[in-house]
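Below: start_18.txt (compact mmCIF, C-alpha atoms)
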# COMPACT_ATOMS: atom_id res chain seq x y z
CA MET C 495 14.67 19.79 3.36
CA PHE C 496 13.00 16.37 3.56
CA THR C 497 15.80 13.78 3.32
CA ARG C 498 16.05 10.01 3.12
CA LEU C 499 17.29 9.98 6.71
CA ALA C 500 14.21 11.90 7.81
CA ALA C 501 12.00 9.48 5.88
CA GLY C 502 13.65 6.52 7.59
CA LEU C 503 13.33 8.11 11.02
CA LEU C 504 9.65 8.83 10.46
CA ALA C 505 9.00 5.26 9.39
CA GLY C 506 10.92 4.01 12.41
CA ALA C 507 8.94 6.26 14.72
CA SER C 508 5.72 4.93 13.25
CA LEU C 509 6.84 1.37 13.90
CA ALA C 510 7.86 2.19 17.46
CA ALA C 511 4.48 3.79 18.11
CA LEU C 512 2.78 0.57 17.05
CA ALA C 513 5.05 -1.57 19.25
CA ALA C 514 5.08 -4.22 16.53
CA PRO C 515 5.78 -7.83 17.52
CA ALA C 516 8.99 -9.52 16.37
CA LYS C 517 7.17 -12.15 14.32
CA ALA C 518 6.04 -11.46 10.79
CA ALA C 519 2.64 -9.83 10.62
CA THR C 520 -0.34 -11.56 9.03
CA PRO C 521 -1.36 -9.61 5.90
CA VAL C 522 -5.03 -10.59 6.07
CA ARG C 523 -7.27 -11.91 8.78
CA TRP C 524 -10.53 -12.26 6.93
CA ASN C 525 -13.15 -11.12 9.46
CA THR C 526 -16.65 -12.01 8.26
CA GLY C 527 -19.35 -11.84 10.87
CA GLY C 528 -18.14 -13.98 13.77
CA ALA C 529 -15.65 -15.97 11.69
CA VAL C 530 -11.95 -15.17 11.26
CA TRP C 531 -9.56 -16.93 8.87
CA SER C 532 -5.91 -15.88 8.77
CA THR C 533 -3.80 -15.92 5.61
CA GLY C 534 -0.12 -15.56 6.47
CA PHE C 535 2.49 -14.05 4.20
CA SER C 536 3.94 -17.52 3.51
CA ALA C 537 0.74 -18.43 1.65
CA PHE C 538 0.97 -15.24 -0.39
CA LYS C 539 4.66 -15.87 -1.12
CA THR C 540 3.94 -19.40 -2.32
CA PHE C 541 1.25 -18.05 -4.63
CA LEU C 542 3.48 -15.23 -5.91
CA ASP C 543 6.48 -17.50 -6.48
CA SER C 544 4.75 -20.50 -8.05
CA GLY C 545 1.10 -19.68 -8.63
CA ASP C 546 0.08 -22.42 -6.19
CA ILE C 547 -2.83 -21.53 -3.91
CA THR C 548 -2.49 -23.35 -0.59
CA ASP C 549 -4.90 -21.32 1.53
CA ARG C 550 -8.68 -21.48 1.19
CA ALA C 551 -9.28 -17.86 2.18
CA LEU C 552 -6.70 -16.69 -0.34
CA LEU C 553 -8.48 -18.74 -2.99
CA ALA C 554 -11.77 -17.12 -2.05
CA GLY C 555 -10.13 -13.69 -2.15
CA ILE C 556 -8.72 -14.32 -5.60
CA ASN C 557 -12.05 -15.65 -6.87
CA GLY C 558 -13.78 -12.55 -5.56
CA SER C 559 -11.21 -10.08 -6.83
CA GLY C 560 -12.57 -9.61 -10.33
CA TRP C 561 -9.26 -10.77 -11.81
CA THR C 562 -7.86 -14.15 -12.80
CA ALA C 563 -5.33 -15.78 -10.49
CA GLU C 564 -2.58 -15.04 -13.03
CA GLU C 565 -3.57 -11.36 -13.15
CA VAL C 566 -3.57 -11.10 -9.35
CA GLN C 567 -0.18 -12.84 -9.19
CA GLU C 568 1.28 -10.43 -11.74
CA GLY C 569 -0.32 -7.37 -10.16
CA LEU C 570 0.86 -8.13 -6.64
CA SER C 571 4.41 -8.83 -7.88
CA LYS C 572 4.81 -5.79 -10.13
CA THR C 573 7.32 -3.23 -8.89
CA TYR C 574 7.16 0.54 -9.31
CA THR C 575 10.08 2.95 -9.18
CA VAL C 576 9.64 5.51 -6.40
CA ASP C 577 11.69 7.93 -4.33
CA VAL C 578 11.32 7.37 -0.58
CA VAL C 579 11.57 11.12 -0.01
CA GLY C 580 8.61 11.78 -2.29
CA VAL C 581 6.64 8.88 -0.82
CA SER C 582 7.23 10.11 2.74
CA ARG C 583 6.48 13.70 1.86
CA PHE C 584 3.17 12.69 0.29
CA LEU C 585 2.05 10.26 3.01
CA TYR C 586 2.77 12.75 5.80
CA SER C 587 0.99 15.61 4.03
CA SER C 588 -2.65 16.44 4.67
CA ASP C 589 -3.54 14.98 1.27
CA GLY C 590 -1.57 11.84 2.11
CA VAL C 591 -3.30 11.34 5.43
CA LYS C 592 -6.65 11.78 3.69
CA PHE C 593 -5.54 9.20 1.10
CA LEU C 594 -4.52 6.70 3.80
CA LYS C 595 -7.80 7.13 5.67
CA ASP C 596 -9.71 6.52 2.45
CA GLN C 597 -7.57 3.47 1.66
CA THR C 598 -8.26 1.83 5.03
CA ARG C 599 -12.04 1.76 4.80
CA SER C 600 -12.40 -1.91 5.80
CA TYR C 601 -8.74 -3.00 5.99
CA PHE C 602 -6.84 -2.00 9.11
CA PRO C 603 -4.85 -3.39 12.07
CA TYR C 604 -6.57 -6.33 13.71
CA TRP C 605 -6.35 -5.12 17.30
CA LYS C 606 -6.22 -1.31 17.20
CA MET C 607 -8.36 -1.06 14.08
CA LYS C 608 -8.97 2.48 12.81
CA SER C 609 -6.94 4.16 15.55
CA THR C 610 -3.64 2.98 14.02
CA ALA C 611 -4.70 2.36 10.42
CA VAL C 612 -2.97 5.41 8.93
CA VAL C 613 0.26 4.90 10.88
CA ALA C 614 0.49 1.19 10.11
CA LEU C 615 -0.17 1.39 6.37
CA ARG C 616 2.06 4.43 6.00
CA SER C 617 4.93 2.61 7.76
CA ALA C 618 4.66 -0.38 5.44
CA ILE C 619 4.60 1.75 2.29
CA ILE C 620 7.57 3.87 3.35
CA LEU C 621 9.66 0.90 4.46
CA ASP C 622 9.09 -0.86 1.16
CA SER C 623 10.05 2.35 -0.68
CA VAL C 624 13.49 2.70 0.92
CA ASP C 625 15.23 0.78 -1.90
CA GLY C 626 13.47 2.83 -4.57
CA LYS C 627 11.04 0.06 -5.47
CA LEU C 628 7.44 -0.41 -4.34
CA SER C 629 5.13 -3.39 -4.81
CA SER C 630 1.99 -4.81 -3.28
CA ALA C 631 3.92 -7.86 -2.08
CA GLY C 632 6.55 -5.63 -0.52
CA ILE C 633 3.94 -3.60 1.32
CA MET C 634 2.36 -6.80 2.66
CA ALA C 635 5.74 -8.07 3.87
CA ALA C 636 6.44 -4.75 5.63
CA LEU C 637 3.15 -4.55 7.56
CA PRO C 638 4.09 -3.93 11.20
CA VAL C 639 1.03 -5.65 12.69
CA ASP C 640 -1.67 -8.12 11.67
CA PHE C 641 -4.31 -6.56 9.41
CA ARG C 642 -7.95 -7.57 9.08
CA LEU C 643 -10.47 -7.18 6.31
CA ALA C 644 -13.61 -6.44 8.30
CA ASP C 645 -17.06 -7.38 7.09
CA THR C 646 -19.18 -7.18 10.23
CA CYS C 647 -22.89 -6.53 10.47
CA ASN C 648 -23.78 -2.82 10.36
CA THR C 649 -20.19 -1.71 11.16
CA TYR C 650 -17.80 -2.49 8.29
CA ASP C 651 -18.81 -3.85 4.92
CA GLY C 652 -15.60 -5.48 3.70
CA VAL C 653 -15.40 -2.99 0.84
CA GLN C 654 -12.15 -1.26 -0.05
CA ASN C 655 -11.90 2.03 -1.94
CA VAL C 656 -9.72 1.08 -4.90
CA CYS C 657 -7.57 4.13 -5.55
CA ALA C 658 -8.03 4.10 -9.34
CA PRO C 659 -11.80 3.81 -9.83
CA ASP C 660 -11.45 4.83 -13.49
CA LYS C 661 -9.19 1.81 -14.14
CA CYS C 662 -11.30 -0.95 -12.60
CA GLU C 663 -14.42 -2.59 -14.00
CA GLY C 664 -17.30 -4.03 -11.99
CA ASP C 665 -17.94 -4.25 -8.27
CA ALA C 666 -15.34 -6.95 -7.60
CA GLN C 667 -12.44 -5.11 -9.22
CA CYS C 668 -13.48 -1.80 -7.68
CA THR C 669 -14.11 -2.98 -4.11
CA SER C 670 -12.18 -6.18 -3.33
CA LEU C 671 -9.09 -6.29 -1.13
CA LEU C 672 -6.79 -8.00 -3.63
CA SER C 673 -7.79 -5.62 -6.42
CA TRP C 674 -7.13 -2.75 -4.01
CA TYR C 675 -3.66 -4.15 -3.35
CA VAL C 676 -2.98 -4.47 -7.08
CA PHE C 677 -3.63 -0.74 -7.63
CA LEU C 678 -2.14 0.68 -4.41
CA PRO C 679 1.58 1.03 -5.35
CA ALA C 680 0.77 2.63 -8.70
CA CYS C 681 -1.36 5.26 -6.95
CA VAL C 682 1.39 5.96 -4.42
CA GLN C 683 3.89 6.33 -7.26
CA ALA C 684 1.62 8.76 -9.12
CA ASN C 685 1.03 10.90 -6.03
CA SER C 686 4.60 10.98 -4.77
CA ALA C 687 6.57 11.94 -7.86
CA LEU C 688 9.11 14.64 -7.06
CA PRO C 689 9.26 17.70 -9.31
CA GLU C 690 11.88 17.66 -12.00
CA PRO C 691 14.95 19.75 -11.08
CA ALA C 692 14.90 23.17 -12.61
CA ALA C 693 16.97 23.60 -15.75
CA PRO C 694 20.13 25.65 -15.18
CA ALA C 695 19.86 29.26 -16.20
CA PRO C 696 21.60 30.07 -19.48
CA ALA C 697 25.00 31.61 -19.11
CA ALA C 698 25.03 35.36 -19.48
CA VAL C 699 26.47 36.66 -22.72
CA PRO C 700 29.56 38.76 -21.97
CA ALA C 701 29.08 42.45 -22.65
CA GLN C 702 30.80 43.65 -25.77
CA PRO C 703 33.40 46.32 -25.14
CA LEU C 704 32.57 49.71 -26.51
CA TRP C 705 36.06 50.21 -27.76

Can you dump the structure from the file as structure tokens?
Amino acid sequence: MFTRLAAGLLAGASLAALAAPAKAATPVRWNTGGAVWSTGFSAFKTFLDSGDITDRALLAGINGSGWTAEEVQEGLSKTYTVDVVGVSRFLYSSDGVKFLKDQTRSYFPYWKMKSTAVVALRSAIILDSVDGKLSSAGIMAALPVDFRLADTCNTYDGVQNVCAPDKCEGDAQCTSLLSWYVFLPACVQANSALPEPAAPAPAAVPAQPLW
């Protein structure tokens, strides 16, 4: 049976495989052509806590998200109730691996890129799920390595596959990184719900004596 201990061990193994550095990872290194601009988690935290935008790349990301700054702030902060067992079971399944590959179209570890994309994103999602709550901000904070959004000529187009295409409107909402982050925990929650426990069988009616 898949247990919480197993889920924690799998997440730990994923982290060990990535040999993550001790310092906090950078959630986004915006890689456009030959230019790279890094937005650390501290800039995201300032924005989430106060609404203040202190990083120019974050401002550009918000402006290109298809949402207002207030909507992005709310969406990244919103928490979803999950069960780490269900989350782990889904993300290690064949459907979960397919999901993670689809969700890392242009967003993946800065150095190892696609080769560790599934492992890295899965680790962050599972680690943030351990306390039964999942959020975009929590996933960002749990990233084991720096991630890049790649928009490089003829290789990656900077487009993300937002996991709820029926819920977004317009190219920006349906392809931008911050919109993708807004939808991600809700999609994980929907795909990882554990089945309801079976109702207990009704007690048998005692046989009536024949005498």

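Atom to atom, CA of Arg550 (chain C) and CA of Trp524 (chain C) stand 11.0 Å apart.
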
Which one is closest to Ser582 (chain C): C:Ser630, C:Asn655, C:Thr540, C:Asn685? Count all atoms listed in the file.
C:Asn685

Closest contacts (region 629-666 of chain C/region 594-617 of chain C, max 12 Å, only C-alpha atoms) as a tab-separated table:
residue	atom	partner	partner_atom	distance
C:Ser630	CA	C:Leu615	CA	11.7
C:Gly632	CA	C:Ser617	CA	11.8
C:Ile633	CA	C:Leu615	CA	8.2
C:Met634	CA	C:Leu615	CA	9.3
C:Ala635	CA	C:Ser617	CA	11.4
C:Ala636	CA	C:Ser617	CA	7.8
C:Leu637	CA	C:Ala614	CA	6.8
C:Pro638	CA	C:Ala614	CA	6.4
C:Val639	CA	C:Pro603	CA	6.3
C:Asp640	CA	C:Tyr604	CA	5.6
C:Phe641	CA	C:Pro603	CA	4.2
C:Arg642	CA	C:Tyr604	CA	5.0
C:Leu643	CA	C:Tyr601	CA	4.5
C:Ala644	CA	C:Ser600	CA	5.3
C:Asp645	CA	C:Ser600	CA	7.3
C:Thr646	CA	C:Ser600	CA	9.7
C:Thr649	CA	C:Ser600	CA	9.5
C:Tyr650	CA	C:Ser600	CA	6.0
C:Asp651	CA	C:Ser600	CA	6.8
C:Gly652	CA	C:Ser600	CA	5.2
C:Val653	CA	C:Ser600	CA	5.9
C:Gln654	CA	C:Arg599	CA	5.7
C:Asn655	CA	C:Gln597	CA	5.8
C:Val656	CA	C:Gln597	CA	7.3
C:Cys657	CA	C:Gln597	CA	7.2
C:Ala658	CA	C:Gln597	CA	11.0

Looking at only C-alpha atoms, which of C:Trp561, C:Tyr586, C:Phe538, C:Tyr574 is the one that sits closest to Ala680 (chain C)?
C:Tyr574

Students should find that CA of Lys592 (chain C) and CA of Asp625 (chain C) are spaced 25.1 Å

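Residue nearest Ala551 (chain C), chosen from C:Gly534, C:Gly590, C:Pro679, C:Gly664 and counting only C-alpha atoms: C:Gly534.
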
Could you list, as an mmCIF file with C-alpha atoms, in the coordinates of the input, every residue within 6 Å of Val578 (chain C), counting all atoms listed in the file and ignoring same-chain residues fewer than 2 positions away?
data_model
loop_
_atom_site.group_PDB
_atom_site.id
_atom_site.type_symbol
_atom_site.label_atom_id
_atom_site.label_comp_id
_atom_site.auth_asym_id
_atom_site.auth_seq_id
_atom_site.Cartn_x
_atom_site.Cartn_y
_atom_site.Cartn_z
ATOM 1 C CA GLY C 580 8.610 11.780 -2.290
ATOM 2 C CA VAL C 581 6.640 8.880 -0.820
ATOM 3 C CA SER C 582 7.230 10.110 2.740
ATOM 4 C CA SER C 623 10.050 2.350 -0.680
ATOM 5 C CA VAL C 624 13.490 2.700 0.920
#

With N, CA, C and O atoms as the atom set, please write region 533-553 of chain C from the structure just given, as a compact mmCIF listing (two decimals), in the first residue's frame.
# COMPACT_ATOMS: atom_id res chain seq x y z
N THR C 533 14.53 35.97 -11.39
CA THR C 533 13.60 36.46 -10.38
C THR C 533 13.61 35.48 -9.23
O THR C 533 13.11 34.36 -9.35
N GLY C 534 14.22 35.88 -8.11
CA GLY C 534 14.31 35.00 -6.95
C GLY C 534 13.00 34.89 -6.20
O GLY C 534 12.07 35.68 -6.40
N PHE C 535 12.93 33.91 -5.30
CA PHE C 535 11.69 33.72 -4.55
C PHE C 535 11.39 34.90 -3.65
O PHE C 535 10.22 35.18 -3.36
N SER C 536 12.41 35.63 -3.21
CA SER C 536 12.17 36.79 -2.34
C SER C 536 11.32 37.83 -3.04
O SER C 536 10.46 38.48 -2.41
N ALA C 537 11.51 38.00 -4.35
CA ALA C 537 10.69 38.95 -5.10
C ALA C 537 9.25 38.47 -5.19
O ALA C 537 8.30 39.26 -5.08
N PHE C 538 9.08 37.16 -5.39
CA PHE C 538 7.73 36.60 -5.41
C PHE C 538 7.08 36.75 -4.03
O PHE C 538 5.90 37.09 -3.93
N LYS C 539 7.83 36.48 -2.97
CA LYS C 539 7.26 36.56 -1.62
C LYS C 539 6.83 37.99 -1.30
O LYS C 539 5.77 38.20 -0.70
N THR C 540 7.65 38.97 -1.68
CA THR C 540 7.26 40.36 -1.45
C THR C 540 5.96 40.67 -2.17
O THR C 540 5.05 41.31 -1.61
N PHE C 541 5.85 40.23 -3.40
CA PHE C 541 4.63 40.45 -4.18
C PHE C 541 3.43 39.75 -3.54
O PHE C 541 2.35 40.33 -3.41
N LEU C 542 3.62 38.50 -3.10
CA LEU C 542 2.52 37.74 -2.52
C LEU C 542 2.08 38.32 -1.18
O LEU C 542 0.89 38.34 -0.86
N ASP C 543 3.05 38.80 -0.40
CA ASP C 543 2.72 39.32 0.94
C ASP C 543 2.11 40.72 0.90
O ASP C 543 1.22 41.03 1.70
N SER C 544 2.62 41.56 0.00
CA SER C 544 2.21 42.98 0.03
C SER C 544 1.61 43.49 -1.27
O SER C 544 0.99 44.57 -1.29
N GLY C 545 1.81 42.77 -2.35
CA GLY C 545 1.37 43.26 -3.65
C GLY C 545 2.40 44.13 -4.34
O GLY C 545 2.21 44.52 -5.50
N ASP C 546 3.50 44.42 -3.66
CA ASP C 546 4.56 45.24 -4.25
C ASP C 546 5.37 44.43 -5.26
O ASP C 546 5.75 43.29 -4.97
N ILE C 547 5.64 45.04 -6.40
CA ILE C 547 6.41 44.38 -7.45
C ILE C 547 7.77 45.06 -7.52
O ILE C 547 7.87 46.22 -7.92
N THR C 548 8.81 44.35 -7.10
CA THR C 548 10.14 44.93 -6.99
C THR C 548 11.11 44.41 -8.04
O THR C 548 12.30 44.76 -8.01
N ASP C 549 10.62 43.60 -8.95
CA ASP C 549 11.48 42.96 -9.95
C ASP C 549 10.89 43.21 -11.34
O ASP C 549 9.71 42.96 -11.57
N ARG C 550 11.71 43.71 -12.26
CA ARG C 550 11.18 44.10 -13.56
C ARG C 550 10.72 42.91 -14.39
O ARG C 550 9.74 43.02 -15.14
N ALA C 551 11.39 41.76 -14.26
CA ALA C 551 10.95 40.59 -15.02
C ALA C 551 9.63 40.05 -14.47
O ALA C 551 8.77 39.59 -15.22
N LEU C 552 9.47 40.11 -13.15
CA LEU C 552 8.20 39.70 -12.55
C LEU C 552 7.09 40.62 -13.04
O LEU C 552 5.98 40.15 -13.36
N LEU C 553 7.35 41.91 -13.11
CA LEU C 553 6.35 42.84 -13.63
C LEU C 553 5.97 42.49 -15.05
O LEU C 553 4.78 42.46 -15.40
